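*Asks:* The structure file coords.csv (CSV, C-alpha atoms) is provided below.
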```
chain,number,residue,atom,x,y,z
E,89,MET,CA,-4.6,105.1,233.6
E,90,ASN,CA,-2.4,107.3,235.8
E,91,SER,CA,-0.5,104.3,237.1
E,92,ASN,CA,0.2,103.1,233.6
E,93,VAL,CA,1.7,106.5,232.7
E,94,LYS,CA,3.9,106.5,235.8
E,95,TYR,CA,5.0,102.9,234.9
E,96,PHE,CA,6.0,103.9,231.4
E,97,VAL,CA,7.8,107.0,232.6
E,98,ARG,CA,9.7,105.0,235.2
E,99,ILE,CA,10.7,102.3,232.6
E,100,ALA,CA,11.7,105.0,230.0
E,101,GLY,CA,13.8,106.8,232.7
E,102,MET,CA,15.5,103.5,233.6
E,103,LEU,CA,16.3,102.7,230.0
E,104,PHE,CA,17.6,106.3,229.5
E,105,LEU,CA,19.9,105.9,232.6
E,106,ILE,CA,21.2,102.5,231.4
E,107,CYS,CA,21.9,103.8,227.9
E,108,ALA,CA,23.6,107.0,229.3
E,109,LEU,CA,25.8,104.9,231.7
E,110,THR,CA,26.7,102.5,228.9
E,111,ALA,CA,27.6,105.4,226.6
E,112,LEU,CA,29.8,106.9,229.3
E,113,ILE,CA,31.6,103.6,229.9
E,114,ILE,CA,32.2,103.1,226.1
E,115,ALA,CA,33.5,106.6,225.8
E,116,GLY,CA,35.8,106.1,228.8
E,117,VAL,CA,37.2,102.8,227.4
E,118,ASN,CA,37.7,104.5,224.0
E,119,ALA,CA,39.6,107.4,225.6
E,120,LEU,CA,41.8,105.0,227.6
E,121,THR,CA,42.7,102.7,224.6
E,122,LYS,CA,42.9,105.3,221.8
E,123,ASP,CA,46.7,105.9,222.2
E,124,ALA,CA,47.5,102.2,222.4
E,125,ILE,CA,45.3,101.5,219.3
E,126,ASP,CA,47.0,104.4,217.4
E,127,ALA,CA,50.5,103.1,218.4
E,128,ASN,CA,49.6,99.5,217.3
E,129,ASN,CA,48.3,100.8,213.9
E,130,LYS,CA,51.5,102.9,213.4
E,131,ALA,CA,53.7,99.9,214.3
E,132,LYS,CA,51.7,97.8,211.8
E,133,LEU,CA,52.3,100.3,209.0
E,134,ASP,CA,56.0,100.7,209.9
E,135,SER,CA,56.4,96.9,209.9
E,136,THR,CA,54.7,96.6,206.5
E,137,ILE,CA,57.0,99.3,205.1
E,138,GLU,CA,60.0,97.4,206.4
E,139,ASP,CA,58.7,94.2,204.8
E,140,ILE,CA,58.6,96.1,201.4
E,141,PHE,CA,62.0,97.8,201.8
E,142,GLU,CA,64.4,96.7,204.6
E,143,LYS,CA,64.6,96.7,208.3
E,144,GLY,CA,65.5,100.0,209.9
E,145,VAL,CA,64.3,102.3,207.2
E,146,ASN,CA,63.1,105.8,208.2
E,147,THR,CA,59.9,107.3,206.9
E,148,THR,CA,58.7,110.8,206.5
E,149,LEU,CA,55.1,111.6,205.9
E,150,LEU,CA,54.7,113.7,202.7
E,151,ASP,CA,52.1,116.4,202.2
E,152,ILE,CA,51.0,115.9,198.6
E,153,LYS,CA,47.6,115.9,196.9
E,154,ALA,CA,46.2,112.4,197.1
E,155,GLU,CA,43.8,110.4,194.9
E,156,ASP,CA,40.6,108.9,196.3
E,157,GLY,CA,41.5,106.1,198.7
E,158,VAL,CA,45.0,107.2,199.4
E,159,THR,CA,45.4,108.1,203.1
E,160,GLU,CA,49.2,108.6,203.5
E,161,VAL,CA,52.3,108.9,201.4
E,162,PHE,CA,55.7,108.2,202.9
E,163,GLU,CA,59.2,109.0,201.7
E,164,VAL,CA,61.4,106.0,202.7
E,165,LYS,CA,65.1,106.4,203.4
E,166,SER,CA,67.9,104.1,204.5
E,167,GLY,CA,70.2,106.4,206.4
E,168,ASP,CA,70.3,109.6,204.3
E,169,LYS,CA,69.7,107.7,201.0
E,170,LEU,CA,66.2,107.8,199.4
E,171,VAL,CA,65.2,104.2,198.7
E,172,GLY,CA,61.6,104.8,197.6
E,173,TYR,CA,58.1,105.7,198.6
E,174,ALA,CA,55.3,103.9,200.4
E,175,VAL,CA,51.6,104.7,199.8
E,176,HIS,CA,48.9,103.7,202.3
E,177,VAL,CA,45.7,103.0,200.4
E,178,LEU,CA,42.1,102.0,201.4
E,179,PRO,CA,40.2,100.9,198.3
E,180,VAL,CA,36.7,99.4,198.8
E,181,GLY,CA,36.3,95.8,197.9
E,182,PHE,CA,33.3,93.5,198.0
E,183,LYS,CA,32.8,93.4,201.8
E,184,GLY,CA,34.6,96.6,202.8
E,185,GLU,CA,37.9,98.4,202.8
E,186,ILE,CA,41.1,96.6,201.8
E,187,GLU,CA,43.9,98.2,203.7
E,188,MET,CA,47.1,98.0,201.7
E,189,MET,CA,50.6,99.5,201.3
E,190,VAL,CA,52.1,100.0,197.9
E,191,GLY,CA,55.9,100.4,197.7
E,192,TYR,CA,57.8,102.2,194.9
E,193,ASN,CA,61.4,102.5,194.0
E,194,THR,CA,62.9,106.0,193.4
E,195,ASP,CA,61.9,105.8,189.7
E,196,LEU,CA,58.2,105.4,190.8
E,197,ILE,CA,58.0,101.8,189.6
E,198,CYS,CA,55.9,99.5,191.8
E,199,LYS,CA,58.2,97.4,194.0
E,200,SER,CA,55.7,95.5,196.1
E,201,VAL,CA,52.1,95.5,197.2
E,202,ARG,CA,51.1,94.2,200.7
E,203,ILE,CA,47.6,93.7,202.1
E,204,ILE,CA,47.5,94.9,205.7
E,205,ASN,CA,43.9,94.1,206.5
E,206,GLN,CA,40.9,92.9,204.6
E,207,SER,CA,37.5,91.4,205.2
E,208,GLU,CA,36.8,89.8,201.8
E,209,THR,CA,35.0,86.5,201.4
E,210,PRO,CA,37.2,83.6,202.6
E,211,GLY,CA,38.3,81.4,199.8
E,212,LEU,CA,37.4,83.9,197.0
E,213,GLY,CA,38.0,87.6,197.7
E,214,SER,CA,40.7,86.8,200.3
E,215,LYS,CA,42.8,85.4,197.5
E,216,VAL,CA,43.9,89.0,196.8
E,217,THR,CA,46.4,88.6,199.6
E,218,GLY,CA,48.3,85.9,197.8
E,219,ASP,CA,51.7,86.4,196.4
E,220,ASP,CA,50.6,85.1,193.0
E,221,PHE,CA,48.1,87.9,192.7
E,222,LEU,CA,50.1,90.7,194.3
E,223,SER,CA,53.3,90.0,192.4
E,224,GLN,CA,51.6,91.0,189.1
E,225,PHE,CA,51.8,94.6,190.1
E,226,GLU,CA,55.6,94.6,190.5
E,227,LYS,CA,57.3,96.6,187.8
E,228,ASN,CA,53.9,97.9,186.8
E,229,GLY,CA,53.0,94.6,185.2
E,230,GLU,CA,49.8,93.5,183.5
E,231,PHE,CA,46.6,93.1,185.6
E,232,THR,CA,44.7,89.8,185.7
E,233,PRO,CA,41.7,89.6,188.1
E,234,ILE,CA,41.0,86.5,190.1
E,235,ALA,CA,38.1,84.5,188.7
E,236,GLY,CA,35.1,84.7,191.2
E,237,ALA,CA,36.7,87.7,193.0
E,238,THR,CA,36.7,90.4,190.4
E,239,VAL,CA,35.3,93.1,192.8
E,240,SER,CA,38.1,92.4,195.3
E,241,SER,CA,40.7,92.2,192.5
E,242,LYS,CA,39.6,95.4,190.9
E,243,ALA,CA,39.7,97.1,194.3
E,244,VAL,CA,43.3,96.2,194.8
E,245,TYR,CA,44.1,97.3,191.2
E,246,SER,CA,42.3,100.6,191.7
E,247,GLY,CA,44.3,101.1,194.9
E,248,VAL,CA,47.6,100.5,193.1
E,249,LEU,CA,46.4,102.9,190.3
E,250,ALA,CA,45.4,105.6,192.9
E,251,ALA,CA,48.8,105.2,194.6
E,252,THR,CA,50.7,105.5,191.3
E,253,LYS,CA,48.7,108.6,190.2
E,254,THR,CA,49.3,110.2,193.6
E,255,LEU,CA,53.0,109.7,193.3
E,256,GLU,CA,53.2,110.7,189.7
E,257,GLY,CA,51.3,113.9,190.4
E,258,GLY,CA,53.2,114.9,193.6
E,259,ILE,CA,56.8,113.6,193.2
E,260,GLU,CA,59.4,114.8,190.8
E,261,LYS,CA,61.6,112.0,189.4
```
Step by step, read the file and then write its structure as structure tokens.

*Replies:*
Amino acid sequence: MNSNVKYFVRIAGMLFLICALTALIIAGVNALTKDAIDANNKAKLDSTIEDIFEKGVNTTLLDIKAEDGVTEVFEVKSGDKLVGYAVHVLPVGFKGEIEMMVGYNTDLICKSVRIINQSETPGLGSKVTGDDFLSQFEKNGEFTPIAGATVSSKAVYSGVLAATKTLEGGIEK
């Protein structure tokens, strides 16, 4: 009986050491790559804003009260001229968050919607990335969900609504 206890203590100790060492390695890799990951994410957001507006625009992060799902609101300028606003939104779709950017002109009318990242079902929910679907939001148009992908469609729609409400509540025209 005594040898069985020693055996289990030894095995438990080895498992603990392996887990602790693995956790340290993962924490170290995370610390080493965090800055690069943050820089890549910022570059992706900047590129999406340039796709919506134009190359070389400047952005300023605004501090305004945001609706649920809205993570950041940017003022977008070309030189010194205000050209619009960009709102970073993370609504929840069928399989997870749908990362998107909604661009507005200076009159707070939707200019464009871009999906940055999504994990929706291929062939159904992923159709929310298509121009046919996204273009309906331009100029605050009528919303028609995609058949078979209503959860994903409604998530994008709710993201656009949250972005619009955030701007309307925090920006003076």

*Asks:* So the first atom is CA of Asn118 in chain E and the second is CA of Lys183 in chain E; what is the distance between them in Å, to one decimal place?

*Replies:*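 Interatomic distance here is 25.3 Å.
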
*Asks:* Between E:Lys165, E:Gly172, E:Ala124, E:Ser240, which one has atoms that come closest to Gly144 in chain E, using only C-alpha atoms?

*Replies:* E:Lys165

*Asks:* Using Å and a single decimal, report how far CA of Val180 in chain E sits from CA of Asp195 in chain E.

*Replies:*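 For CA of Asp195 in chain E relative to CA of Val180 in chain E, the distance reads 27.5 Å.
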
*Asks:* Figure out the distance between CA of Thr252 in chain E and CA of Pro179 in chain E, please, to one decimal in Å.

*Replies:*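 That distance, rounded to one decimal, is 13.4 Å.
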
*Asks:* Using all atoms listed in the file, can you tell me which of E:Val145, E:Glu160, E:Ala237, E:Ser200 comes closest to Phe182 in chain E?

*Replies:*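 The closest residue to Phe182 in chain E is E:Ala237.
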
*Asks:* Nearest residue to Val248 in chain E out of E:Glu155, E:Asn193, E:Ser207, E:Asp220, using only C-alpha atoms?

*Replies:*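 Once distances to Val248 in chain E are computed over only C-alpha atoms, the minimum belongs to E:Glu155.
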
*Asks:* Of the candidates E:Ser135, E:Asn146, E:Thr159, E:Ser91, which shows the shortest atom-to-atom distance to Ala250 in chain E, using all atoms listed in the file?

*Replies:*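 Smallest separation from Ala250 in chain E among the options: E:Thr159.
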
*Asks:* So that I can check the surroundings of Lys143 in chain E, please list as a list of chain:residue names every protein, DNA and RNA residue that reaches within 12 Å of it, counting only C-alpha atoms and ignoring chain neighbours fewer than 5 positions away.

*Replies:*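 Contacts, with the query itself left out: E:Asp134, E:Ser135, E:Thr136, E:Ile137, E:Glu138, E:Val164, E:Lys165, E:Ser166, E:Gly167.
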
*Asks:* In terms of the shortest atom-to-atom distance over all atoms listed in the file, which of E:Ile140, E:Leu178, E:Ile113, E:Val239 is closest to Thr209 in chain E?

*Replies:*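 Of the candidates, the smallest distance to Thr209 in chain E is held by E:Val239.
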
*Asks:* Which residue, E:Leu196, E:Met189, E:Val161, E:Leu120, has the smallest gap to Glu256 in chain E when you use only C-alpha atoms?

*Replies:*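 Closest to Glu256 in chain E of all the choices is E:Leu196.
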
*Asks:* Excluding Leu249 in chain E and any residue of its chain fewer than 4 positions from it, enumerate the residues within 12 Å of it, using all atoms listed in the file, and give them as a short mmCIF file (atom, residue, chain, number, x, y, z; two decimals) with C-alpha atoms, in the coordinates of the input.

*Replies:*
```cif
data_model
loop_
_atom_site.label_atom_id
_atom_site.label_comp_id
_atom_site.auth_asym_id
_atom_site.auth_seq_id
_atom_site.Cartn_x
_atom_site.Cartn_y
_atom_site.Cartn_z
CA ALA E 154 46.20 112.40 197.10
CA GLU E 155 43.80 110.40 194.90
CA ASP E 156 40.60 108.90 196.30
CA GLY E 157 41.50 106.10 198.70
CA VAL E 158 45.00 107.20 199.40
CA VAL E 175 51.60 104.70 199.80
CA VAL E 177 45.70 103.00 200.40
CA LEU E 178 42.10 102.00 201.40
CA PRO E 179 40.20 100.90 198.30
CA VAL E 190 52.10 100.00 197.90
CA ILE E 197 58.00 101.80 189.60
CA CYS E 198 55.90 99.50 191.80
CA VAL E 201 52.10 95.50 197.20
CA PHE E 225 51.80 94.60 190.10
CA ASN E 228 53.90 97.90 186.80
CA GLY E 229 53.00 94.60 185.20
CA PHE E 231 46.60 93.10 185.60
CA LYS E 242 39.60 95.40 190.90
CA ALA E 243 39.70 97.10 194.30
CA VAL E 244 43.30 96.20 194.80
CA TYR E 245 44.10 97.30 191.20
CA LYS E 253 48.70 108.60 190.20
CA THR E 254 49.30 110.20 193.60
CA LEU E 255 53.00 109.70 193.30
CA GLU E 256 53.20 110.70 189.70
#
```

*Asks:* Report as a list in words all protein, DNA and RNA residues lying within 10 Å of Leu133 in chain E, evaluated on only C-alpha atoms, omitting residues in the same chain fewer than 5 positions from it.

*Replies:*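 Result of the neighbour search: Ala127, Asn128, Glu138, Asp139, Ala174, His176, Met188, Met189 and Ile204 of chain E.
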